[in-house]
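What follows is query.txt (compact mmCIF, C-alpha atoms).
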# COMPACT_ATOMS: atom_id res chain seq x y z
CA MET A 22 46.85 23.21 -17.07
CA SER A 23 46.27 26.31 -14.96
CA ASP A 24 44.79 25.98 -11.48
CA LYS A 25 42.17 28.63 -12.14
CA LYS A 26 40.34 26.68 -14.80
CA GLN A 27 40.02 23.59 -12.66
CA GLN A 28 36.96 24.62 -10.68
CA VAL A 29 35.40 21.14 -10.63
CA SER A 30 37.71 18.31 -9.70
CA ARG A 31 37.41 14.91 -11.37
CA ARG A 32 36.17 13.45 -8.11
CA GLN A 33 33.47 16.12 -7.79
CA PHE A 34 32.43 15.66 -11.41
CA LEU A 35 32.09 11.93 -10.89
CA ASN A 36 30.11 12.49 -7.68
CA TYR A 37 27.73 14.90 -9.40
CA THR A 38 27.25 12.59 -12.35
CA LEU A 39 26.59 9.51 -10.26
CA THR A 40 24.24 11.37 -7.89
CA GLY A 41 22.41 12.86 -10.87
CA VAL A 42 21.98 9.56 -12.70
CA GLY A 43 21.08 7.72 -9.48
CA GLY A 44 18.60 10.41 -8.51
CA PHE A 45 17.03 10.34 -11.96
CA MET A 46 16.59 6.57 -11.80
CA ALA A 47 15.20 6.65 -8.26
CA ALA A 48 12.78 9.44 -9.22
CA GLY A 49 11.67 7.57 -12.33
CA LEU A 50 11.00 4.51 -10.21
CA LEU A 51 9.06 6.32 -7.53
CA VAL A 52 6.87 8.68 -9.58
CA SER A 53 4.13 6.16 -10.33
CA PRO A 54 4.01 4.48 -6.90
CA LEU A 55 3.83 7.86 -5.16
CA ARG A 56 1.14 9.16 -7.51
CA MET A 57 -0.82 5.98 -6.85
CA ALA A 58 -0.37 6.34 -3.09
CA ILE A 59 -1.65 9.94 -2.96
CA ASP A 60 -4.58 9.23 -5.30
CA PRO A 61 -7.25 9.38 -2.55
CA VAL A 62 -6.18 12.95 -1.71
CA LEU A 63 -6.41 14.05 -5.35
CA LYS A 64 -9.70 12.30 -6.14
CA GLU A 65 -12.65 14.67 -6.39
CA SER A 66 -14.96 14.01 -3.49
CA THR A 67 -18.32 12.90 -4.78
CA SER A 68 -20.90 14.89 -2.86
CA GLY A 69 -23.80 12.58 -2.10
CA ASP A 70 -27.06 13.10 -3.92
CA LEU A 71 -30.13 14.04 -1.95
CA VAL A 72 -31.94 10.89 -0.83
CA ASN A 73 -35.63 10.20 -0.24
CA VAL A 74 -35.84 9.65 3.50
CA GLY A 75 -39.36 8.25 3.37
CA ILE A 76 -41.40 10.88 5.19
CA SER A 77 -43.97 13.17 3.63
CA VAL A 78 -43.96 16.83 4.57
CA ASP A 79 -47.51 16.53 5.93
CA ASP A 80 -46.34 14.03 8.54
CA ILE A 81 -43.74 16.38 9.95
CA THR A 82 -44.97 18.14 13.09
CA SER A 83 -43.51 20.74 15.38
CA GLU A 84 -42.34 17.87 17.59
CA PRO A 85 -38.90 16.50 16.50
CA GLN A 86 -39.15 12.94 15.24
CA ARG A 87 -36.40 10.57 14.33
CA VAL A 88 -36.15 9.57 10.66
CA ASP A 89 -33.95 6.66 9.52
CA TRP A 90 -32.95 5.87 5.96
CA THR A 91 -30.10 4.28 4.03
CA ILE A 92 -27.72 5.75 1.50
CA THR A 93 -25.75 3.97 -1.21
CA GLN A 94 -22.06 4.31 -0.41
CA VAL A 95 -19.24 3.41 -2.81
CA ASP A 96 -15.99 2.92 -0.91
CA GLY A 97 -13.35 1.99 -3.46
CA TRP A 98 -14.31 -1.53 -4.56
CA TYR A 99 -16.86 -1.94 -1.75
CA GLU A 100 -20.48 -0.88 -2.09
CA SER A 101 -22.73 -0.80 0.94
CA GLU A 102 -25.89 0.80 2.24
CA PRO A 103 -25.12 2.34 5.61
CA SER A 104 -27.97 3.93 7.57
CA ARG A 105 -28.35 7.60 8.36
CA SER A 106 -30.75 9.31 10.73
CA ALA A 107 -32.02 12.79 11.47
CA TRP A 108 -34.30 14.63 13.89
CA VAL A 109 -36.93 16.39 11.79
CA TYR A 110 -39.55 18.99 12.76
CA LYS A 111 -41.26 22.18 11.54
CA ASP A 112 -40.14 25.38 13.23
CA ASP A 113 -42.43 28.29 14.13
CA ASN A 114 -42.36 29.63 10.56
CA GLY A 115 -43.39 26.21 9.23
CA ASP A 116 -39.94 25.61 7.73
CA ILE A 117 -38.58 22.07 7.99
CA VAL A 118 -35.48 21.58 10.15
CA ALA A 119 -33.45 18.36 9.84
CA LEU A 120 -30.75 17.97 12.49
CA SER A 121 -27.94 15.44 12.56
CA PRO A 122 -28.09 13.28 15.70
CA ILE A 123 -24.29 13.19 16.01
CA CYS A 124 -23.17 14.98 19.20
CA THR A 125 -20.53 17.63 18.41
CA HIS A 126 -18.67 16.74 21.58
CA LEU A 127 -17.37 13.24 20.85
CA GLY A 128 -19.76 11.79 18.29
CA CYS A 129 -22.33 9.91 20.37
CA VAL A 130 -25.95 9.89 19.22
CA VAL A 131 -28.33 12.40 20.78
CA SER A 132 -32.08 12.02 21.12
CA TRP A 133 -34.96 14.43 21.62
CA GLU A 134 -35.94 14.52 25.28
CA GLY A 135 -33.46 11.70 25.84
CA SER A 136 -33.46 12.53 29.54
CA GLU A 137 -36.60 13.07 31.60
CA GLN A 138 -34.78 15.80 33.51
CA TYR A 139 -34.43 17.98 30.42
CA PRO A 140 -37.69 18.35 28.50
CA ASN A 141 -37.65 20.20 25.17
CA GLN A 142 -33.95 19.54 24.65
CA PHE A 143 -31.73 17.12 22.74
CA TYR A 144 -29.78 15.01 25.20
CA CYS A 145 -26.55 13.04 24.73
CA PRO A 146 -26.23 10.13 27.19
CA CYS A 147 -22.43 9.92 27.01
CA HIS A 148 -21.46 13.11 28.85
CA ASP A 149 -24.79 14.87 29.47
CA GLY A 150 -24.42 17.14 26.45
CA ARG A 151 -27.57 19.14 25.74
CA TYR A 152 -28.94 21.17 22.83
CA GLU A 153 -31.91 23.48 22.32
CA LYS A 154 -34.65 22.48 19.90
CA ASP A 155 -32.95 24.41 17.08
CA GLY A 156 -29.78 22.43 17.72
CA THR A 157 -27.86 25.15 19.56
CA ASN A 158 -25.61 23.68 22.21
CA ILE A 159 -26.37 24.76 25.75
CA PRO A 160 -23.42 26.56 27.37
CA GLY A 161 -21.98 24.73 30.33
CA THR A 162 -22.49 21.28 28.74
CA PRO A 163 -19.66 19.48 26.88
CA PRO A 164 -20.58 20.23 23.22
CA THR A 165 -18.89 23.30 21.73
CA ALA A 166 -20.93 23.58 18.53
CA PRO A 167 -24.59 23.23 17.49
CA LEU A 168 -25.85 20.01 15.92
CA ALA A 169 -25.09 19.84 12.20
CA ILE A 170 -27.94 20.46 9.79
CA TYR A 171 -28.83 18.37 6.71
CA GLU A 172 -29.06 19.77 3.20
CA GLN A 173 -32.72 19.39 2.32
CA GLU A 174 -35.13 19.59 -0.54
CA ILE A 175 -38.83 18.83 -0.89
CA ARG A 176 -39.85 16.96 -4.03
CA ASP A 177 -43.53 16.16 -4.56
CA GLY A 178 -44.23 16.64 -0.87
CA ILE A 179 -41.55 14.16 0.19
CA LEU A 180 -38.47 15.14 2.22
CA PHE A 181 -35.05 14.53 0.60
CA LEU A 182 -31.86 14.93 2.65
CA GLY A 183 -28.22 15.18 1.56
CA ASN A 184 -24.93 15.91 3.32
CA THR A 185 -24.66 17.45 6.76
CA ILE A 186 -23.43 21.02 7.14
CA SER A 187 -21.66 21.71 10.42
CA ARG A 188 -22.27 25.01 12.18
CA LYS A 189 -20.02 27.31 14.20
CA GLY A 190 -20.00 27.14 17.99
CA ALA A 191 -22.38 29.34 19.98
CA MET B 22 24.09 22.48 3.61
CA LEU B 23 24.12 18.74 2.99
CA GLN B 24 27.88 18.68 3.58
CA LYS B 25 27.37 20.48 6.91
CA MET B 26 24.65 18.08 7.99
CA TYR B 27 26.86 15.15 7.03
CA ASP B 28 29.83 16.63 8.94
CA TRP B 29 27.66 17.24 12.00
CA ILE B 30 26.58 13.59 12.11
CA ASP B 31 30.01 12.25 11.13
CA GLU B 32 31.71 14.25 13.89
CA ARG B 33 29.50 12.56 16.47
CA ILE B 34 29.12 8.99 15.30
CA ASP B 35 31.89 8.55 12.71
CA ILE B 36 29.83 7.14 9.84
CA THR B 37 32.47 7.56 7.12
CA PRO B 38 34.15 4.16 7.73
CA ILE B 39 30.75 2.45 7.54
CA TRP B 40 29.85 3.57 4.04
CA ARG B 41 33.51 3.39 2.94
CA ASP B 42 33.40 -0.30 3.82
CA ILE B 43 30.29 -0.71 1.68
CA ALA B 44 31.06 1.56 -1.26
CA ASP B 45 34.85 1.66 -1.58
CA HIS B 46 36.15 -1.38 -3.34
CA GLU B 47 38.21 -1.95 -6.42
CA VAL B 48 36.56 -2.96 -9.64
CA PRO B 49 39.13 -5.16 -11.40
CA GLU B 50 39.84 -4.32 -15.04
CA HIS B 51 38.44 -7.59 -16.34
CA VAL B 52 34.95 -6.87 -14.95
CA ASN B 53 34.80 -3.26 -16.13
CA PRO B 54 32.86 -2.88 -19.40
CA ALA B 55 34.78 0.35 -20.05
CA HIS B 56 37.90 -1.78 -20.61
CA HIS B 57 36.41 -4.84 -22.24
CA PHE B 58 32.87 -4.49 -23.50
CA SER B 59 32.29 -8.21 -23.07
CA ALA B 60 32.51 -7.59 -19.33
CA PHE B 61 28.83 -6.54 -19.44
CA VAL B 62 28.08 -10.13 -18.45
CA TYR B 63 29.20 -9.18 -14.94
CA CYS B 64 26.24 -6.77 -14.70
CA PHE B 65 23.53 -9.42 -14.45
CA GLY B 66 23.89 -9.95 -10.70
CA GLY B 67 23.56 -6.22 -10.03
CA LEU B 68 20.65 -6.00 -12.47
CA THR B 69 18.90 -8.85 -10.65
CA PHE B 70 19.25 -6.90 -7.41
CA PHE B 71 18.03 -3.70 -9.09
CA VAL B 72 14.87 -5.45 -10.29
CA VAL B 73 14.39 -6.97 -6.83
CA VAL B 74 14.43 -3.42 -5.42
CA ILE B 75 11.74 -2.45 -7.96
CA GLN B 76 9.69 -5.49 -6.90
CA ILE B 77 9.95 -4.60 -3.20
CA LEU B 78 9.00 -0.94 -3.78
CA SER B 79 6.11 -1.61 -6.17
CA GLY B 80 4.90 -4.47 -3.95
CA MET B 81 4.84 -2.25 -0.87
CA PHE B 82 2.71 0.30 -2.68
CA LEU B 83 0.39 -2.37 -4.11
CA THR B 84 -0.57 -3.54 -0.62
CA MET B 85 -2.13 -0.09 -0.06
CA TYR B 86 -5.00 -1.25 -2.28
CA TYR B 87 -4.86 -5.04 -2.37
CA VAL B 88 -7.03 -7.18 -0.07
CA PRO B 89 -6.09 -10.86 0.42
CA ASP B 90 -9.67 -12.10 0.64
CA ILE B 91 -11.65 -14.15 -1.89
CA GLU B 92 -14.57 -11.69 -1.90
CA ASN B 93 -12.46 -8.61 -2.47
CA ALA B 94 -9.09 -9.62 -3.96
CA TRP B 95 -10.15 -9.49 -7.60
CA LYS B 96 -12.34 -6.42 -7.03
CA SER B 97 -9.53 -4.52 -5.32
CA VAL B 98 -7.12 -5.37 -8.14
CA TYR B 99 -9.72 -4.32 -10.71
CA TYR B 100 -10.31 -1.06 -8.84
CA LEU B 101 -6.56 -0.43 -8.71
CA GLN B 102 -6.24 -1.13 -12.43
CA THR B 103 -9.17 0.96 -13.59
CA GLU B 104 -9.85 3.70 -11.03
CA VAL B 105 -6.56 4.60 -9.37
CA ALA B 106 -4.19 6.97 -11.18
CA HIS B 107 -0.95 5.14 -12.14
CA GLY B 108 -2.30 1.97 -10.52
CA GLN B 109 -1.98 0.16 -13.83
CA ILE B 110 1.66 1.24 -14.09
CA VAL B 111 2.59 0.14 -10.58
CA ARG B 112 0.93 -3.26 -11.01
CA GLY B 113 2.61 -3.45 -14.41
CA MET B 114 5.99 -2.84 -12.78
CA HIS B 115 5.36 -5.69 -10.35
CA HIS B 116 3.91 -8.01 -13.00
CA TRP B 117 6.64 -7.56 -15.61
CA GLY B 118 9.39 -7.18 -13.04
CA ALA B 119 8.53 -10.64 -11.73
CA SER B 120 9.44 -12.11 -15.10
CA VAL B 121 12.47 -9.89 -15.65
CA VAL B 122 13.93 -10.86 -12.29
CA ILE B 123 13.85 -14.56 -13.26
CA VAL B 124 15.49 -13.78 -16.62
CA MET B 125 18.26 -11.72 -14.99
CA LEU B 126 18.79 -14.35 -12.32
CA LEU B 127 19.12 -17.01 -14.99
CA LEU B 128 21.63 -14.94 -17.01
CA HIS B 129 23.65 -14.30 -13.84
CA THR B 130 23.63 -18.02 -13.06
CA LEU B 131 24.74 -18.89 -16.62
CA ARG B 132 27.64 -16.42 -16.42
CA VAL B 133 28.81 -17.84 -13.08
CA PHE B 134 28.41 -21.39 -14.40
CA PHE B 135 30.25 -20.98 -17.71
CA GLN B 136 33.06 -18.94 -16.16
CA GLY B 137 33.46 -21.57 -13.46
CA ALA B 138 33.18 -18.78 -10.88
CA TYR B 139 31.42 -21.17 -8.48
CA LYS B 140 34.61 -23.20 -7.94
CA LYS B 141 36.63 -23.26 -4.74
CA PRO B 142 36.58 -21.11 -2.60
CA ARG B 143 33.15 -19.84 -3.79
CA GLU B 144 31.07 -23.03 -3.52
CA LEU B 145 29.14 -21.71 -0.52
CA ASN B 146 28.07 -18.62 -2.41
CA TRP B 147 26.83 -20.81 -5.27
CA ILE B 148 24.68 -22.70 -2.76
CA VAL B 149 23.31 -19.44 -1.35
CA GLY B 150 22.58 -18.34 -4.93
CA VAL B 151 20.63 -21.53 -5.64
CA LEU B 152 18.60 -20.94 -2.46
CA ILE B 153 17.86 -17.40 -3.67
CA PHE B 154 16.67 -18.93 -6.95
CA PHE B 155 14.25 -21.22 -5.08
CA VAL B 156 12.95 -18.31 -2.99
CA MET B 157 12.37 -16.33 -6.18
CA LEU B 158 10.42 -19.21 -7.71
CA GLY B 159 8.39 -19.38 -4.49
CA LEU B 160 7.65 -15.65 -4.73
CA GLY B 161 6.55 -16.10 -8.32
CA PHE B 162 4.33 -19.07 -7.46
CA THR B 163 2.62 -17.42 -4.45
CA GLY B 164 2.26 -14.04 -6.16
CA TYR B 165 0.56 -15.61 -9.16
CA LEU B 166 -2.51 -16.55 -7.10
CA LEU B 167 -3.07 -13.14 -5.53
CA PRO B 168 -5.16 -11.45 -8.29
CA TRP B 169 -7.64 -14.32 -7.76
CA ASP B 170 -8.73 -14.56 -11.39
CA ASN B 171 -9.24 -17.73 -13.42
CA LYS B 172 -5.64 -17.97 -14.57
CA ALA B 173 -4.39 -17.53 -11.01
CA TYR B 174 -6.78 -20.10 -9.62
CA PHE B 175 -6.05 -22.87 -12.10
CA ALA B 176 -2.30 -22.25 -12.12
CA THR B 177 -2.32 -22.70 -8.36
CA GLN B 178 -4.48 -25.80 -8.69
CA VAL B 179 -1.83 -27.29 -10.98
CA GLY B 180 1.03 -26.11 -8.76
CA LEU B 181 -0.54 -27.73 -5.71
CA GLU B 182 -1.00 -30.99 -7.59
CA ILE B 183 2.68 -30.91 -8.49
CA ALA B 184 3.50 -30.44 -4.80
CA GLU B 185 1.29 -33.46 -4.08
CA GLN B 186 3.60 -35.65 -6.20
CA VAL B 187 6.39 -35.33 -3.63
CA PRO B 188 7.06 -38.85 -2.29
CA LEU B 189 5.74 -39.79 1.19
CA ILE B 190 4.78 -36.29 2.43
CA GLY B 191 3.05 -35.08 -0.76
CA THR B 192 -0.50 -34.99 0.60
CA GLN B 193 0.50 -33.21 3.79
CA LEU B 194 2.65 -30.76 1.85
CA LYS B 195 -0.27 -29.84 -0.39
CA THR B 196 -2.57 -29.32 2.61
CA LEU B 197 0.09 -27.22 4.32
CA LEU B 198 0.38 -24.98 1.26
CA ALA B 199 -3.33 -24.73 0.48
CA GLY B 200 -4.60 -24.53 4.07
CA ASP B 201 -7.19 -27.19 3.27
CA ALA B 202 -7.04 -30.78 2.05
CA SER B 203 -9.37 -30.32 -0.91
CA ILE B 204 -10.35 -26.64 -1.33
CA VAL B 205 -8.31 -23.99 -3.07
CA GLY B 206 -10.04 -21.01 -1.49
CA ALA B 207 -10.15 -18.49 1.30
CA GLN B 208 -7.44 -20.12 3.39
CA THR B 209 -5.19 -20.71 0.40
CA LEU B 210 -5.33 -17.05 -0.56
CA THR B 211 -4.42 -15.65 2.88
CA ARG B 212 -1.68 -18.26 3.23
CA PHE B 213 -0.16 -17.42 -0.13
CA PHE B 214 -0.40 -13.71 0.69
CA ALA B 215 1.42 -14.15 4.01
CA ILE B 216 4.10 -16.29 2.37
CA HIS B 217 4.44 -13.82 -0.51
CA VAL B 218 4.79 -10.62 1.51
CA PHE B 219 6.33 -11.74 4.81
CA PHE B 220 7.98 -15.15 4.90
CA LEU B 221 9.73 -15.33 1.53
CA PRO B 222 10.89 -11.68 1.49
CA ALA B 223 12.39 -12.18 4.97
CA ALA B 224 14.21 -15.27 3.71
CA LEU B 225 15.28 -13.37 0.60
CA PHE B 226 16.78 -10.49 2.62
CA GLY B 227 18.80 -12.89 4.74
CA LEU B 228 20.07 -14.80 1.71
CA LEU B 229 20.89 -11.62 -0.23
CA ALA B 230 22.86 -10.30 2.77
CA ALA B 231 24.82 -13.57 2.91
CA HIS B 232 25.36 -13.48 -0.88
CA PHE B 233 26.77 -9.92 -0.76
CA ILE B 234 28.89 -10.42 2.36
CA LEU B 235 30.46 -13.51 0.79
CA ILE B 236 31.24 -11.81 -2.51
CA ARG B 237 32.86 -8.87 -0.69
CA ARG B 238 34.85 -11.17 1.55
CA GLN B 239 36.06 -13.43 -1.25
CA GLY B 240 36.26 -10.85 -4.01
CA ILE B 241 35.16 -11.31 -7.59
CA SER B 242 36.64 -14.32 -9.40
CA GLY B 243 39.72 -13.69 -11.56
CA PRO B 244 39.85 -13.29 -15.35
CA LEU B 245 39.38 -16.35 -17.53
Taking this structure as input, can you express it in the form of structure tokens?
Amino acid sequence: MSDKKQQVSRRQFLNYTLTGVGGFMAAGLLVSPLRMAIDPVLKESTSGDLVNVGISVDDITSEPQRVDWTITQVDGWYESEPSRSAWVYKDDNGDIVALSPICTHLGCVVSWEGSEQYPNQFYCPCHDGRYEKDGTNIPGTPPTAPLAIYEQEIRDGILFLGNTISRKGA
Amino acid sequence: MLQKMYDWIDERIDITPIWRDIADHEVPEHVNPAHHFSAFVYCFGGLTFFVVVIQILSGMFLTMYYVPDIENAWKSVYYLQTEVAHGQIVRGMHHWGASVVIVMLLLHTLRVFFQGAYKKPRELNWIVGVLIFFVMLGLGFTGYLLPWDNKAYFATQVGLEIAEQVPLIGTQLKTLLAGDASIVGAQTLTRFFAIHVFFLPAALFGLLAAHFILIRRQGISGPL
């Protein structure tokens, strides 16, 4: 037996074989559990349908008013009806604006004229965050982005709202 | 690359003797199926351990979806079975593996018994093995309730009544297991879950360690 031909020693061959077979078995074992574990990432996100929020277009004024409604949420095996809310008004062109009340600073809930010191603004009580009527954050206050806006649609004169769309910072 | 990483670690903390101790040992000719095919009977212990590893892995992943609560247990299992990709396979691994592990354990026990491998000086390891068998039965019993379907419920009902037949302490033992004197319900389920995923596995790991240390210390029994 010449030395040149012996490029793989018996020991190496055995090591490769055992590692290969062991790796194959371990991989075979773990494929299904891992696929199951990452399933939430690979599931298509179901974008929520637009929901009747229970206010007719005629009742919406130029003054923001708070609208509360519930959505049907399916969370794995658990179904619930969590509540959602929005600040709704008609802007100068008569178009309906529906703003999310979630402060873009740290997620508290803002309210229209929530502080007597700041009329005509949305006010967040947690850290004095403020927004203009159109939802634009006021520079110098904690929020770095405008209030998110709801997807909307008007069906038979009734307002329907969907998911929120966040907007870039001013 | 791997070799370099290994060398870097080995140079600092000298890990070679550790895995040598674990991996390097002689396999006598009479237990090597390559020499005598009938030596396959010596594989059952290792196969039992292999299936136990499958049970631990699949069980760990199952707890990502399972909820040990009477309102949600069945629903979460149903969701896992029908909505989650490969969920059916992973639960299948755990379900069938539970039976296979008992079969392998029994075959291993039969081999040790009929070869007389439990005799001096290996009596202690036989005792440890019997304890492992009891722990396995406990795992099977507690795991059976967890899907919280009709079969699970009534099997547990029967099992608890069997526990009640124990002389003197029967009633207390049943209450201890079920968490309530008369109801098989919310408290039973959480109890069985805790026993199934924490207490018995901890006991199993300890016993398996003892089983393996003893067999390495005493060596495998000689040829017949």
Please identify every residue of chain A that has at least one atom no farther than 9 Å from an atom of chain B, counting all atoms listed in the file, and for each give the shortest atom pair and the distance in Å to one decimal, arranged by chain then increasing number, as JSON lines.
{"residue": "A:Leu50", "atom": "CA", "partner": "B:Ile75", "partner_atom": "CA", "distance": 7.4}
{"residue": "A:Leu51", "atom": "CA", "partner": "B:Leu78", "partner_atom": "CA", "distance": 8.2}
{"residue": "A:Val52", "atom": "CA", "partner": "B:His107", "partner_atom": "CA", "distance": 9.0}
{"residue": "A:Ser53", "atom": "CA", "partner": "B:His107", "partner_atom": "CA", "distance": 5.5}
{"residue": "A:Pro54", "atom": "CA", "partner": "B:Val111", "partner_atom": "CA", "distance": 5.9}
{"residue": "A:Leu55", "atom": "CA", "partner": "B:Phe82", "partner_atom": "CA", "distance": 8.0}
{"residue": "A:Arg56", "atom": "CA", "partner": "B:His107", "partner_atom": "CA", "distance": 6.5}
{"residue": "A:Met57", "atom": "CA", "partner": "B:His107", "partner_atom": "CA", "distance": 5.4}
{"residue": "A:Ala58", "atom": "CA", "partner": "B:Phe82", "partner_atom": "CA", "distance": 6.8}
{"residue": "A:Asp60", "atom": "CA", "partner": "B:Ala106", "partner_atom": "CA", "distance": 6.3}
{"residue": "A:Pro61", "atom": "CA", "partner": "B:Val105", "partner_atom": "CA", "distance": 8.4}
{"residue": "A:Lys64", "atom": "CA", "partner": "B:Val105", "partner_atom": "CA", "distance": 8.9}
{"residue": "A:Gly97", "atom": "CA", "partner": "B:Tyr100", "partner_atom": "CA", "distance": 6.9}
{"residue": "A:Trp98", "atom": "CA", "partner": "B:Ser97", "partner_atom": "CA", "distance": 5.7}
{"residue": "A:Tyr99", "atom": "CA", "partner": "B:Asn93", "partner_atom": "CA", "distance": 8.0}
Kindly provide, as AutoDock Vina command-line options, the centre and edge lengths (Å, one decimal) of an axis-aligned box around all atoms of range 81-88 of chain A given in the file, with 3 Å on each side.
--center_x -40.6 --center_y 15.2 --center_z 13.8 --size_x 14.8 --size_y 17.2 --size_z 13.6
Within 9 Å of Leu229 in chain B using only C-alpha atoms, minus same-chain residues under 3 positions, as a compact mmCIF listing (two decimals) with C-alpha atoms, in the coordinates of the input:
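Writing done, so here's around-v7.txt:
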# COMPACT_ATOMS: atom_id res chain seq x y z
CA PHE B 70 19.25 -6.90 -7.41
CA VAL B 149 23.31 -19.44 -1.35
CA GLY B 150 22.58 -18.34 -4.93
CA ILE B 153 17.86 -17.40 -3.67
CA ALA B 224 14.21 -15.27 3.71
CA LEU B 225 15.28 -13.37 0.60
CA PHE B 226 16.78 -10.49 2.62
CA HIS B 232 25.36 -13.48 -0.88
CA PHE B 233 26.77 -9.92 -0.76
CA ILE B 234 28.89 -10.42 2.36
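Reported to one decimal place, the separation of CA of His126 in chain A from CA of Pro163 in chain A is 6.0 Å.
Neighbouring residues of range 135-148 of chain B at 10 Å or closer, counting only C-alpha atoms and skipping chain neighbours under 3 positions away, are B:Thr130, B:Leu131, B:Arg132, B:Val151, B:Leu152, B:Ile153, B:Phe154, B:Leu228, B:Ala231, B:His232, B:Phe233, B:Ile234, B:Leu235, B:Ile236, B:Gln239, B:Gly240, B:Ile241, B:Ser242, B:Gly243, B:Pro244, B:Leu245.
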Open item on the list: Need to verify the contact set: Gly183 in chain A, 8 Å, all atoms listed in the file, exclusion of same-chain residues closer than 2 positions in sequence. Can you return it as a VMD selection string?
Closed with: chain A and resid 69 to 72 171 to 173 181 185
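Between CA of Gly115 in chain A and CA of Glu134 in chain A the interatomic distance comes to 21.2 Å.
Between CA of Thr209 in chain B and CA of Leu221 in chain B there is a distance of 15.9 Å.
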